$ cat query_30.pdb   # PDB, C-alpha atoms (C1' of nucleotides)
ATOM      1  CA  MET A   1      -6.292   3.734 -17.083
ATOM      2  CA  SER A   2      -5.933   4.333 -13.385
ATOM      3  CA  ILE A   3      -4.940   2.234 -10.425
ATOM      4  CA  THR A   4      -7.858   0.390  -8.798
ATOM      5  CA  SER A   5      -8.916   0.908  -5.172
ATOM      6  CA  ASP A   6      -8.083  -2.659  -4.339
ATOM      7  CA  ILE A   7      -4.544  -2.397  -5.619
ATOM      8  CA  LEU A   8      -4.088   1.028  -4.108
ATOM      9  CA  ARG A   9      -5.141  -0.336  -0.741
ATOM     10  CA  GLY A  10      -2.149  -1.009   1.411
ATOM     11  CA  HIS A  11       0.003   1.570  -0.361
ATOM     12  CA  THR A  12      -1.714   4.807   0.552
ATOM     13  CA  GLU A  13       0.236   5.358   3.738
ATOM     14  CA  ALA A  14       3.549   4.530   2.096
ATOM     15  CA  ILE A  15       2.797   6.891  -0.770
ATOM     16  CA  ILE A  16       2.070   9.720   1.645
ATOM     17  CA  LEU A  17       5.159   9.020   3.743
ATOM     18  CA  SER A  18       7.309   8.899   0.634
ATOM     19  CA  HIS A  19       6.012  12.290  -0.369
ATOM     20  CA  LEU A  20       6.697  13.752   3.062
ATOM     21  CA  LEU A  21      10.278  12.488   2.909
ATOM     22  CA  GLU A  22      10.925  15.149   0.285
ATOM     23  CA  GLN A  23       9.312  18.001   2.177
ATOM     24  CA  ASP A  24       6.514  18.975   4.530
ATOM     25  CA  SER A  25       3.269  19.454   2.695
ATOM     26  CA  TYR A  26      -0.496  19.751   3.117
ATOM     27  CA  GLY A  27      -3.432  17.630   2.000
ATOM     28  CA  TYR A  28      -4.546  19.439  -1.077
ATOM     29  CA  GLN A  29      -1.005  19.797  -2.372
ATOM     30  CA  ILE A  30      -0.058  16.178  -1.717
ATOM     31  CA  ASN A  31      -3.091  15.089  -3.655
ATOM     32  CA  LYS A  32      -2.255  17.263  -6.637
ATOM     33  CA  ASP A  33       1.414  16.298  -6.578
ATOM     34  CA  ILE A  34       0.688  12.601  -6.595
ATOM     35  CA  MET A  35      -1.695  12.945  -9.499
ATOM     36  CA  LYS A  36       0.795  15.037 -11.414
ATOM     37  CA  LYS A  37       3.679  12.677 -10.685
ATOM     38  CA  THR A  38       1.715   9.730 -12.016
ATOM     39  CA  ASP A  39      -0.016  11.462 -14.887
ATOM     40  CA  ASN A  40      -3.384  10.944 -13.152
ATOM     41  CA  ARG A  41      -2.894   7.194 -12.911
ATOM     42  CA  CYS A  42      -2.955   7.407  -9.128
ATOM     43  CA  GLU A  43      -5.522   9.592  -7.435
ATOM     44  CA  LEU A  44      -5.985   9.467  -3.694
ATOM     45  CA  LYS A  45      -9.547  10.511  -2.999
ATOM     46  CA  GLU A  46      -9.885  13.143  -0.290
ATOM     47  CA  ALA A  47     -11.692  10.899   2.177
ATOM     48  CA  THR A  48      -9.030   8.258   1.668
ATOM     49  CA  LEU A  49      -6.282  10.783   2.165
ATOM     50  CA  TYR A  50      -7.663  12.220   5.378
ATOM     51  CA  SER A  51      -8.347   8.866   6.941
ATOM     52  CA  ALA A  52      -4.777   7.874   6.123
ATOM     53  CA  PHE A  53      -3.494  11.058   7.762
ATOM     54  CA  ARG A  54      -5.407  10.152  10.890
ATOM     55  CA  ARG A  55      -3.915   6.658  10.987
ATOM     56  CA  LEU A  56      -0.427   7.959  10.353
ATOM     57  CA  GLU A  57      -0.689  10.544  13.088
ATOM     58  CA  GLN A  58      -2.168   7.991  15.486
ATOM     59  CA  ALA A  59       0.801   5.751  14.775
ATOM     60  CA  GLY A  60       3.233   8.588  15.404
ATOM     61  CA  TYR A  61       4.537   8.521  11.840
ATOM     62  CA  ILE A  62       3.594  12.095  11.057
ATOM     63  CA  ARG A  63       3.101  15.340  12.966
ATOM     64  CA  THR A  64       0.897  18.241  11.916
ATOM     65  CA  TYR A  65       0.929  22.003  12.275
ATOM     66  CA  TRP A  66      -1.071  24.877  10.841
ATOM     67  CA  GLY A  67       0.561  27.052   8.212
ATOM     68  CA  ASP A  68       0.760  30.794   8.871
ATOM     69  CA  GLU A  69      -1.101  31.864   5.732
ATOM     70  CA  THR A  70      -2.204  35.471   6.043
ATOM     71  CA  VAL A  71      -4.147  35.173   2.817
ATOM     72  CA  GLY A  72      -6.211  32.362   1.319
ATOM     73  CA  ALA A  73      -7.488  29.253   3.016
ATOM     74  CA  ARG A  74      -5.602  27.891   6.004
ATOM     75  CA  ARG A  75      -3.381  24.884   5.423
ATOM     76  CA  ARG A  76      -2.674  21.996   7.724
ATOM     77  CA  TYR A  77       0.877  20.853   7.127
ATOM     78  CA  TYR A  78       2.213  17.385   7.767
ATOM     79  CA  SER A  79       5.768  16.364   8.511
ATOM     80  CA  ILE A  80       7.264  12.899   8.824
ATOM     81  CA  THR A  81       8.734  11.782  12.156
ATOM     82  CA  GLU A  82      11.749   9.589  12.796
ATOM     83  CA  GLU A  83       9.417   6.638  13.433
ATOM     84  CA  GLY A  84       7.745   7.526  10.158
ATOM     85  CA  ARG A  85      11.060   7.212   8.332
ATOM     86  CA  LEU A  86      11.620   3.803   9.832
ATOM     87  CA  ALA A  87       8.072   2.741   9.006
ATOM     88  CA  TYR A  88       8.602   3.890   5.454
ATOM     89  CA  GLN A  89      11.708   1.757   5.088
ATOM     90  CA  ALA A  90       9.728  -1.232   6.354
ATOM     91  CA  TYR A  91       6.872  -0.494   3.955
ATOM     92  CA  LYS A  92       9.359  -0.337   1.141
ATOM     93  CA  ARG A  93      10.945  -3.645   1.963
ATOM     94  CA  ASP A  94       7.469  -5.189   2.156
ATOM     95  CA  TRP A  95       6.644  -3.756  -1.219
ATOM     96  CA  GLU A  96       9.784  -5.086  -2.860
ATOM     97  CA  GLU A  97       9.063  -8.515  -1.501
ATOM     98  CA  ALA A  98       5.360  -8.457  -2.335
ATOM     99  CA  LYS A  99       6.151  -7.275  -5.841
ATOM    100  CA  ALA A 100       8.520 -10.168  -6.436
ATOM    101  CA  THR A 101       6.034 -12.631  -4.970
ATOM    102  CA  ILE A 102       3.136 -11.426  -7.083
ATOM    103  CA  ASP A 103       5.329 -11.327 -10.179
ATOM    104  CA  GLN A 104       6.218 -14.904  -9.502
ATOM    105  CA  LEU A 105       2.553 -15.889  -9.300
ATOM    106  CA  LEU A 106       1.350 -13.949 -12.345
ATOM    107  CA  LYS A 107       3.308 -15.616 -15.069
TER
ATOM    108  CA  MET B   1       7.773 -12.282   6.226
ATOM    109  CA  SER B   2       4.525 -12.710   4.354
ATOM    110  CA  ILE B   3       2.416 -10.577   2.100
ATOM    111  CA  THR B   4      -0.143  -8.420   3.953
ATOM    112  CA  SER B   5      -3.894  -8.737   3.434
ATOM    113  CA  ASP B   6      -4.091  -5.215   2.132
ATOM    114  CA  ILE B   7      -1.473  -5.809  -0.518
ATOM    115  CA  LEU B   8      -2.902  -9.198  -1.392
ATOM    116  CA  ARG B   9      -6.291  -7.601  -1.906
ATOM    117  CA  GLY B  10      -6.917  -7.026  -5.535
ATOM    118  CA  HIS B  11      -4.607  -9.840  -6.610
ATOM    119  CA  THR B  12      -6.384 -12.880  -5.238
ATOM    120  CA  GLU B  13      -8.489 -13.474  -8.316
ATOM    121  CA  ALA B  14      -5.571 -12.973 -10.675
ATOM    122  CA  ILE B  15      -3.444 -15.394  -8.679
ATOM    123  CA  ILE B  16      -6.129 -18.048  -8.886
ATOM    124  CA  LEU B  17      -6.702 -17.502 -12.593
ATOM    125  CA  SER B  18      -2.994 -17.682 -13.243
ATOM    126  CA  HIS B  19      -2.834 -20.999 -11.472
ATOM    127  CA  LEU B  20      -5.774 -22.356 -13.453
ATOM    128  CA  LEU B  21      -4.060 -21.389 -16.695
ATOM    129  CA  GLU B  22      -1.598 -24.186 -16.057
ATOM    130  CA  GLN B  23      -4.177 -26.831 -15.240
ATOM    131  CA  ASP B  24      -7.540 -27.471 -13.632
ATOM    132  CA  SER B  25      -7.261 -27.785  -9.883
ATOM    133  CA  TYR B  26      -9.220 -27.778  -6.643
ATOM    134  CA  GLY B  27      -9.267 -25.487  -3.618
ATOM    135  CA  TYR B  28      -7.045 -27.319  -1.229
ATOM    136  CA  GLN B  29      -4.454 -28.019  -3.888
ATOM    137  CA  ILE B  30      -4.418 -24.458  -5.212
ATOM    138  CA  ASN B  31      -3.831 -23.216  -1.702
ATOM    139  CA  LYS B  32      -0.927 -25.577  -1.123
ATOM    140  CA  ASP B  33       0.608 -24.909  -4.532
ATOM    141  CA  ILE B  34       0.582 -21.157  -4.040
ATOM    142  CA  MET B  35       2.228 -21.448  -0.648
ATOM    143  CA  LYS B  36       4.827 -23.814  -2.024
ATOM    144  CA  LYS B  37       5.536 -21.648  -5.060
ATOM    145  CA  THR B  38       6.136 -18.632  -2.873
ATOM    146  CA  ASP B  39       7.906 -20.344  -0.028
ATOM    147  CA  ASN B  40       4.982 -19.488   2.284
ATOM    148  CA  ARG B  41       5.208 -15.780   1.546
ATOM    149  CA  CYS B  42       1.736 -15.839   0.049
ATOM    150  CA  GLU B  43      -1.012 -17.730   1.766
ATOM    151  CA  LEU B  44      -4.596 -17.405   0.622
ATOM    152  CA  LYS B  45      -6.747 -18.160   3.637
ATOM    153  CA  GLU B  46      -9.544 -20.630   2.967
ATOM    154  CA  ALA B  47     -12.337 -18.127   3.476
ATOM    155  CA  THR B  48     -10.587 -15.748   1.099
ATOM    156  CA  LEU B  49     -10.112 -18.465  -1.461
ATOM    157  CA  TYR B  50     -13.699 -19.648  -1.460
ATOM    158  CA  SER B  51     -15.169 -16.182  -1.668
ATOM    159  CA  ALA B  52     -12.887 -15.497  -4.633
ATOM    160  CA  PHE B  53     -14.067 -18.715  -6.308
ATOM    161  CA  ARG B  54     -17.633 -17.530  -5.927
ATOM    162  CA  ARG B  55     -16.866 -14.163  -7.506
ATOM    163  CA  LEU B  56     -14.931 -15.745 -10.342
ATOM    164  CA  GLU B  57     -17.708 -18.186 -11.117
ATOM    165  CA  GLN B  58     -20.320 -15.428 -10.907
ATOM    166  CA  ALA B  59     -18.282 -13.458 -13.417
ATOM    167  CA  GLY B  60     -18.038 -16.424 -15.734
ATOM    168  CA  TYR B  61     -14.263 -16.613 -15.435
ATOM    169  CA  ILE B  62     -14.199 -20.148 -14.084
ATOM    170  CA  ARG B  63     -16.366 -23.272 -14.255
ATOM    171  CA  THR B  64     -16.536 -26.005 -11.665
ATOM    172  CA  TYR B  65     -17.089 -29.737 -11.628
ATOM    173  CA  TRP B  66     -16.810 -32.515  -9.070
ATOM    174  CA  GLY B  67     -13.900 -34.900  -9.327
ATOM    175  CA  ASP B  68     -14.663 -38.620  -9.581
ATOM    176  CA  GLU B  69     -12.657 -39.696  -6.535
ATOM    177  CA  THR B  70     -13.639 -43.175  -5.476
ATOM    178  CA  VAL B  71     -11.501 -42.881  -2.392
ATOM    179  CA  GLY B  72     -10.823 -39.999  -0.008
ATOM    180  CA  ALA B  73     -12.671 -36.705   0.269
ATOM    181  CA  ARG B  74     -14.501 -35.380  -2.768
ATOM    182  CA  ARG B  75     -12.846 -32.572  -4.712
ATOM    183  CA  ARG B  76     -14.448 -29.661  -6.479
ATOM    184  CA  TYR B  77     -12.362 -28.819  -9.515
ATOM    185  CA  TYR B  78     -12.162 -25.428 -11.172
ATOM    186  CA  SER B  79     -11.277 -24.652 -14.766
ATOM    187  CA  ILE B  80     -10.728 -21.312 -16.418
ATOM    188  CA  THR B  81     -13.041 -20.171 -19.224
ATOM    189  CA  GLU B  82     -12.202 -18.185 -22.330
ATOM    190  CA  GLU B  83     -13.558 -15.051 -20.629
ATOM    191  CA  GLY B  84     -11.329 -15.935 -17.703
ATOM    192  CA  ARG B  85      -8.288 -15.958 -19.945
ATOM    193  CA  LEU B  86      -9.170 -12.538 -21.273
ATOM    194  CA  ALA B  87      -9.828 -11.244 -17.770
ATOM    195  CA  TYR B  88      -6.466 -12.565 -16.680
ATOM    196  CA  GLN B  89      -4.699 -10.690 -19.466
ATOM    197  CA  ALA B  90      -6.459  -7.507 -18.364
ATOM    198  CA  TYR B  91      -5.520  -8.145 -14.718
ATOM    199  CA  LYS B  92      -1.943  -8.594 -15.797
ATOM    200  CA  ARG B  93      -1.803  -5.378 -17.741
ATOM    201  CA  ASP B  94      -3.312  -3.568 -14.734
ATOM    202  CA  TRP B  95      -0.677  -5.081 -12.505
ATOM    203  CA  GLU B  96       2.198  -4.058 -14.747
ATOM    204  CA  GLU B  97       0.915  -0.527 -14.828
ATOM    205  CA  ALA B  98       0.150  -0.348 -11.110
ATOM    206  CA  LYS B  99       3.570  -1.736 -10.316
ATOM    207  CA  ALA B 100       5.294   0.933 -12.348
ATOM    208  CA  THR B 101       3.128   3.639 -10.812
ATOM    209  CA  ILE B 102       3.764   2.544  -7.245
ATOM    210  CA  ASP B 103       7.470   2.144  -7.927
ATOM    211  CA  GLN B 104       7.485   5.681  -9.173
ATOM    212  CA  LEU B 105       5.867   6.928  -5.973
ATOM    213  CA  LEU B 106       7.974   4.942  -3.519
ATOM    214  CA  LYS B 107      11.393   6.351  -4.197
TER
ATOM    215  C1'  DC C   1      -7.977 -44.514  19.233
ATOM    216  C1'  DA C   2      -6.441 -39.927  19.116
ATOM    217  C1'  DA C   3      -4.218 -36.798  16.266
ATOM    218  C1'  DT C   4      -3.206 -35.059  11.863
ATOM    219  C1'  DA C   5      -3.921 -34.443   6.955
ATOM    220  C1'  DT C   6      -6.994 -34.040   3.250
ATOM    221  C1'  DA C   7     -11.059 -31.791   1.494
ATOM    222  C1'  DC C   8     -15.169 -29.003   1.564
ATOM    223  C1'  DC C   9     -18.000 -24.870   3.356
ATOM    224  C1'  DT C  10     -20.378 -20.566   6.024
ATOM    225  C1'  DC C  11     -21.021 -16.675   9.062
ATOM    226  C1'  DG C  12     -19.852 -12.480  10.968
ATOM    227  C1'  DT C  13     -16.213  -9.050  11.895
ATOM    228  C1'  DC C  14     -12.859  -5.808  10.542
ATOM    229  C1'  DT C  15     -10.671  -2.284   7.843
ATOM    230  C1'  DG C  16      -9.517   0.801   4.061
ATOM    231  C1'  DT C  17     -11.648   3.210   0.089
ATOM    232  C1'  DC C  18     -14.851   6.379  -1.491
ATOM    233  C1'  DA C  19     -19.346   8.834  -2.765
ATOM    234  C1'  DA C  20     -21.694  12.397  -1.013
ATOM    235  C1'  DG C  21     -22.135  15.874   1.661
ATOM    236  C1'  DG C  22     -20.501  20.078   4.295
ATOM    237  C1'  DT C  23     -17.558  24.793   5.476
ATOM    238  C1'  DA C  24     -14.782  28.953   4.112
ATOM    239  C1'  DT C  25     -11.811  32.069   1.265
ATOM    240  C1'  DA C  26      -9.807  33.782  -3.235
ATOM    241  C1'  DT C  27      -9.865  34.325  -8.095
ATOM    242  C1'  DT C  28     -11.673  34.203 -12.616
ATOM    243  C1'  DT C  29     -15.297  34.759 -15.931
ATOM    244  C1'  DA C  30     -19.603  36.042 -17.958
TER
ATOM    245  C1'  DT D   1     -21.231  42.457  -9.899
ATOM    246  C1'  DA D   2     -22.847  37.933  -9.566
ATOM    247  C1'  DA D   3     -21.821  33.299 -10.560
ATOM    248  C1'  DA D   4     -18.574  29.893 -11.249
ATOM    249  C1'  DT D   5     -14.307  27.767 -10.286
ATOM    250  C1'  DA D   6     -10.194  26.850  -7.586
ATOM    251  C1'  DT D   7      -8.097  26.410  -3.255
ATOM    252  C1'  DA D   8      -8.310  24.329   1.244
ATOM    253  C1'  DC D   9     -10.286  21.840   5.059
ATOM    254  C1'  DC D  10     -13.414  18.011   7.073
ATOM    255  C1'  DT D  11     -17.165  14.044   8.318
ATOM    256  C1'  DT D  12     -20.508  10.363   7.727
ATOM    257  C1'  DG D  13     -22.090   6.125   6.146
ATOM    258  C1'  DA D  14     -21.962   2.456   2.643
ATOM    259  C1'  DC D  15     -19.430  -1.114   0.498
ATOM    260  C1'  DA D  16     -16.407  -4.959  -0.502
ATOM    261  C1'  DG D  17     -12.683  -8.132   0.171
ATOM    262  C1'  DA D  18      -9.753 -10.667   3.638
ATOM    263  C1'  DC D  19     -10.044 -13.611   7.384
ATOM    264  C1'  DG D  20     -10.876 -15.703  12.193
ATOM    265  C1'  DA D  21     -13.612 -19.018  13.955
ATOM    266  C1'  DG D  22     -16.436 -22.346  13.406
ATOM    267  C1'  DG D  23     -18.534 -26.534  11.078
ATOM    268  C1'  DT D  24     -18.699 -31.359   8.173
ATOM    269  C1'  DA D  25     -16.606 -35.748   6.434
ATOM    270  C1'  DT D  26     -12.979 -39.208   5.084
ATOM    271  C1'  DA D  27      -8.207 -41.262   5.288
ATOM    272  C1'  DT D  28      -3.846 -41.994   7.375
ATOM    273  C1'  DT D  29      -0.407 -42.106  10.932
ATOM    274  C1'  DG D  30       1.501 -42.612  15.582
TER
END

$ encode --input "query_30.pdb" --output "structure tokens"
Amino acid sequence: MSITSDILRGHTEAIILSHLLEQDSYGYQINKDIMKKTDNRCELKEATLYSAFRRLEQAGYIRTYWGDETVGARRRYYSITEEGRLAYQAYKRDWEEAKATIDQLLK
Amino acid sequence: MSITSDILRGHTEAIILSHLLEQDSYGYQINKDIMKKTDNRCELKEATLYSAFRRLEQAGYIRTYWGDETVGARRRYYSITEEGRLAYQAYKRDWEEAKATIDQLLK
DNA sequence: CAATATACCTCGTCTGTCAAGGTATATTTA
DNA sequence: TAAATATACCTTGACAGACGAGGTATATTG
């Protein structure tokens, strides 16, 4: 049983930001980590992930840089900005409130 | 502070079904009740509401009938079907699981 | 008698997700 | 050694649900 697209929607960016709070990371790794963390219940599809990265960068919530891999495929790393940290806190408050509201409605 | 469209998405149908579990009702009333219940934190816009009704009826989760108002505007009532009850239980399980999963990711 | 509340509805736009496709390098397997 | 798989990046176009803006009609209130 995995999380549906429609429920996922609206949380993708927060999930990514949360992950970047721990450490800088790159697309492929973030994807794997999230799946592992949730026992495959949450999978961000690649296209979803990359479009979220674009929005986050546009908003100034993340910054990117290329890794200096001398071997293997290149990696584009992402790191969270100060604005990103603030945005994450706001997302989290929204989530707590939305969760309580929905819980209240689904008796 | 109200619930965002993107978070609402995926819960609209469940919210309506939940409301119909209590009693048959009609669009305008359902809308008002949900806002009142949540202190205006959750507002289903009319267009959203009516498109959800259509999907729910299509799926066989609700049935509709016209009220017999002799005065005032006519009302189209909705009632939940047995399949609707089952679907609601499934929605609820999904929500419980999604909630736990998202909570796990937003530390 | 105009404004507001009750009550229904539709059309078209917007946005986030995702299936499907692509590129390139490294490792494992047959 | 050739093919398959894993790592790593990316884009395009389709799809579906939420909603703004618009419409209709009746009843009440100021």

$ interface_residues --input "query_30.pdb" --of "chain A" --to "chain B" --cutoff "12 Å" --atoms "all atoms listed in the file" --output "PyMOL selection string"
chain A and resi 1-22+30+33-43+88-107

$ interface_residues --input "query_30.pdb" --of "chain B" --to "chain C" --cutoff "8 Å" --atoms "only C-alpha atoms (C1' of nucleotides)" --output "PyMOL selection string"
chain B and resi 28+72-75

$ write_last_selection --input "query_30.pdb" --atoms "C-alpha atoms" --output "PDB file, in the frame of the given file"
ATOM      1  CA  TYR B  28      -7.045 -27.319  -1.229  1.00  0.00           C
ATOM      2  CA  GLY B  72     -10.823 -39.999  -0.008  1.00  0.00           C
ATOM      3  CA  ALA B  73     -12.671 -36.705   0.269  1.00  0.00           C
ATOM      4  CA  ARG B  74     -14.501 -35.380  -2.768  1.00  0.00           C
ATOM      5  CA  ARG B  75     -12.846 -32.572  -4.712  1.00  0.00           C
TER       6      ARG B  75
END

$ resolve_selection --input "query_30.pdb" --expression "the PyMOL selection byres ((chain D and resi 14-19) around 6)" --output "list in words"
Thr48 of chain B; DG13 and DG20 of chain D

$ calpha_fit_and_write --input "query_30.pdb" --fixed "chain B" --moving "chain A" --output "PDB file with C-alpha atoms, in the frame of the given file"
ATOM      1  CA  MET A   1       7.834 -12.245   6.231  1.00  0.00           C
ATOM      2  CA  SER A   2       4.585 -12.713   4.390  1.00  0.00           C
ATOM      3  CA  ILE A   3       2.457 -10.572   2.145  1.00  0.00           C
ATOM      4  CA  THR A   4      -0.098  -8.445   4.017  1.00  0.00           C
ATOM      5  CA  SER A   5      -3.864  -8.727   3.488  1.00  0.00           C
ATOM      6  CA  ASP A   6      -4.025  -5.201   2.201  1.00  0.00           C
ATOM      7  CA  ILE A   7      -1.415  -5.785  -0.461  1.00  0.00           C
ATOM      8  CA  LEU A   8      -2.838  -9.168  -1.330  1.00  0.00           C
ATOM      9  CA  ARG A   9      -6.234  -7.587  -1.852  1.00  0.00           C
ATOM     10  CA  GLY A  10      -6.900  -7.052  -5.500  1.00  0.00           C
ATOM     11  CA  HIS A  11      -4.582  -9.859  -6.579  1.00  0.00           C
ATOM     12  CA  THR A  12      -6.348 -12.915  -5.237  1.00  0.00           C
ATOM     13  CA  GLU A  13      -8.471 -13.477  -8.309  1.00  0.00           C
ATOM     14  CA  ALA A  14      -5.550 -12.973 -10.670  1.00  0.00           C
ATOM     15  CA  ILE A  15      -3.426 -15.389  -8.669  1.00  0.00           C
ATOM     16  CA  ILE A  16      -6.117 -18.050  -8.874  1.00  0.00           C
ATOM     17  CA  LEU A  17      -6.693 -17.498 -12.589  1.00  0.00           C
ATOM     18  CA  SER A  18      -2.972 -17.673 -13.246  1.00  0.00           C
ATOM     19  CA  HIS A  19      -2.837 -20.995 -11.476  1.00  0.00           C
ATOM     20  CA  LEU A  20      -5.769 -22.358 -13.456  1.00  0.00           C
ATOM     21  CA  LEU A  21      -4.059 -21.377 -16.705  1.00  0.00           C
ATOM     22  CA  GLU A  22      -1.596 -24.188 -16.059  1.00  0.00           C
ATOM     23  CA  GLN A  23      -4.181 -26.827 -15.240  1.00  0.00           C
ATOM     24  CA  ASP A  24      -7.543 -27.485 -13.636  1.00  0.00           C
ATOM     25  CA  SER A  25      -7.256 -27.794  -9.901  1.00  0.00           C
ATOM     26  CA  TYR A  26      -9.219 -27.787  -6.647  1.00  0.00           C
ATOM     27  CA  GLY A  27      -9.272 -25.498  -3.626  1.00  0.00           C
ATOM     28  CA  TYR A  28      -7.068 -27.346  -1.237  1.00  0.00           C
ATOM     29  CA  GLN A  29      -4.452 -28.026  -3.889  1.00  0.00           C
ATOM     30  CA  ILE A  30      -4.400 -24.465  -5.208  1.00  0.00           C
ATOM     31  CA  ASN A  31      -3.821 -23.232  -1.703  1.00  0.00           C
ATOM     32  CA  LYS A  32      -0.921 -25.587  -1.103  1.00  0.00           C
ATOM     33  CA  ASP A  33       0.612 -24.902  -4.505  1.00  0.00           C
ATOM     34  CA  ILE A  34       0.586 -21.164  -4.029  1.00  0.00           C
ATOM     35  CA  MET A  35       2.211 -21.449  -0.636  1.00  0.00           C
ATOM     36  CA  LYS A  36       4.833 -23.803  -1.987  1.00  0.00           C
ATOM     37  CA  LYS A  37       5.531 -21.640  -5.029  1.00  0.00           C
ATOM     38  CA  THR A  38       6.132 -18.612  -2.842  1.00  0.00           C
ATOM     39  CA  ASP A  39       7.899 -20.327   0.017  1.00  0.00           C
ATOM     40  CA  ASN A  40       4.966 -19.482   2.320  1.00  0.00           C
ATOM     41  CA  ARG A  41       5.213 -15.773   1.582  1.00  0.00           C
ATOM     42  CA  CYS A  42       1.740 -15.821   0.068  1.00  0.00           C
ATOM     43  CA  GLU A  43      -1.013 -17.731   1.800  1.00  0.00           C
ATOM     44  CA  LEU A  44      -4.591 -17.413   0.650  1.00  0.00           C
ATOM     45  CA  LYS A  45      -6.770 -18.154   3.644  1.00  0.00           C
ATOM     46  CA  GLU A  46      -9.553 -20.636   2.954  1.00  0.00           C
ATOM     47  CA  ALA A  47     -12.383 -18.159   3.447  1.00  0.00           C
ATOM     48  CA  THR A  48     -10.633 -15.751   1.109  1.00  0.00           C
ATOM     49  CA  LEU A  49     -10.123 -18.454  -1.461  1.00  0.00           C
ATOM     50  CA  TYR A  50     -13.711 -19.645  -1.478  1.00  0.00           C
ATOM     51  CA  SER A  51     -15.178 -16.186  -1.683  1.00  0.00           C
ATOM     52  CA  ALA A  52     -12.887 -15.503  -4.630  1.00  0.00           C
ATOM     53  CA  PHE A  53     -14.067 -18.703  -6.315  1.00  0.00           C
ATOM     54  CA  ARG A  54     -17.634 -17.523  -5.934  1.00  0.00           C
ATOM     55  CA  ARG A  55     -16.859 -14.151  -7.507  1.00  0.00           C
ATOM     56  CA  LEU A  56     -14.930 -15.738 -10.339  1.00  0.00           C
ATOM     57  CA  GLU A  57     -17.702 -18.178 -11.112  1.00  0.00           C
ATOM     58  CA  GLN A  58     -20.312 -15.421 -10.903  1.00  0.00           C
ATOM     59  CA  ALA A  59     -18.280 -13.445 -13.414  1.00  0.00           C
ATOM     60  CA  GLY A  60     -18.042 -16.429 -15.737  1.00  0.00           C
ATOM     61  CA  TYR A  61     -14.263 -16.612 -15.434  1.00  0.00           C
ATOM     62  CA  ILE A  62     -14.194 -20.134 -14.068  1.00  0.00           C
ATOM     63  CA  ARG A  63     -16.358 -23.248 -14.252  1.00  0.00           C
ATOM     64  CA  THR A  64     -16.521 -26.016 -11.666  1.00  0.00           C
ATOM     65  CA  TYR A  65     -17.097 -29.751 -11.652  1.00  0.00           C
ATOM     66  CA  TRP A  66     -16.826 -32.523  -9.091  1.00  0.00           C
ATOM     67  CA  GLY A  67     -13.916 -34.925  -9.361  1.00  0.00           C
ATOM     68  CA  ASP A  68     -14.694 -38.640  -9.625  1.00  0.00           C
ATOM     69  CA  GLU A  69     -12.691 -39.697  -6.570  1.00  0.00           C
ATOM     70  CA  THR A  70     -13.683 -43.194  -5.515  1.00  0.00           C
ATOM     71  CA  VAL A  71     -11.539 -42.886  -2.420  1.00  0.00           C
ATOM     72  CA  GLY A  72     -10.838 -39.993  -0.066  1.00  0.00           C
ATOM     73  CA  ALA A  73     -12.689 -36.727   0.224  1.00  0.00           C
ATOM     74  CA  ARG A  74     -14.524 -35.387  -2.805  1.00  0.00           C
ATOM     75  CA  ARG A  75     -12.866 -32.584  -4.731  1.00  0.00           C
ATOM     76  CA  ARG A  76     -14.459 -29.663  -6.482  1.00  0.00           C
ATOM     77  CA  TYR A  77     -12.366 -28.819  -9.512  1.00  0.00           C
ATOM     78  CA  TYR A  78     -12.151 -25.438 -11.169  1.00  0.00           C
ATOM     79  CA  SER A  79     -11.282 -24.659 -14.757  1.00  0.00           C
ATOM     80  CA  ILE A  80     -10.704 -21.307 -16.422  1.00  0.00           C
ATOM     81  CA  THR A  81     -13.040 -20.165 -19.206  1.00  0.00           C
ATOM     82  CA  GLU A  82     -12.219 -18.182 -22.320  1.00  0.00           C
ATOM     83  CA  GLU A  83     -13.556 -15.038 -20.623  1.00  0.00           C
ATOM     84  CA  GLY A  84     -11.338 -15.935 -17.692  1.00  0.00           C
ATOM     85  CA  ARG A  85      -8.286 -15.951 -19.952  1.00  0.00           C
ATOM     86  CA  LEU A  86      -9.177 -12.533 -21.261  1.00  0.00           C
ATOM     87  CA  ALA A  87      -9.822 -11.241 -17.752  1.00  0.00           C
ATOM     88  CA  TYR A  88      -6.460 -12.577 -16.690  1.00  0.00           C
ATOM     89  CA  GLN A  89      -4.692 -10.703 -19.463  1.00  0.00           C
ATOM     90  CA  ALA A  90      -6.451  -7.521 -18.350  1.00  0.00           C
ATOM     91  CA  TYR A  91      -5.509  -8.141 -14.719  1.00  0.00           C
ATOM     92  CA  LYS A  92      -1.936  -8.605 -15.791  1.00  0.00           C
ATOM     93  CA  ARG A  93      -1.793  -5.395 -17.742  1.00  0.00           C
ATOM     94  CA  ASP A  94      -3.300  -3.585 -14.749  1.00  0.00           C
ATOM     95  CA  TRP A  95      -0.679  -5.093 -12.517  1.00  0.00           C
ATOM     96  CA  GLU A  96       2.204  -4.076 -14.747  1.00  0.00           C
ATOM     97  CA  GLU A  97       0.912  -0.548 -14.837  1.00  0.00           C
ATOM     98  CA  ALA A  98       0.131  -0.360 -11.127  1.00  0.00           C
ATOM     99  CA  LYS A  99       3.557  -1.746 -10.319  1.00  0.00           C
ATOM    100  CA  ALA A 100       5.281   0.931 -12.367  1.00  0.00           C
ATOM    101  CA  THR A 101       3.094   3.636 -10.851  1.00  0.00           C
ATOM    102  CA  ILE A 102       3.727   2.566  -7.278  1.00  0.00           C
ATOM    103  CA  ASP A 103       7.438   2.170  -7.968  1.00  0.00           C
ATOM    104  CA  GLN A 104       7.442   5.694  -9.241  1.00  0.00           C
ATOM    105  CA  LEU A 105       5.810   6.962  -6.051  1.00  0.00           C
ATOM    106  CA  LEU A 106       7.939   4.992  -3.588  1.00  0.00           C
ATOM    107  CA  LYS A 107      11.339   6.389  -4.311  1.00  0.00           C
TER     108      LYS A 107
END
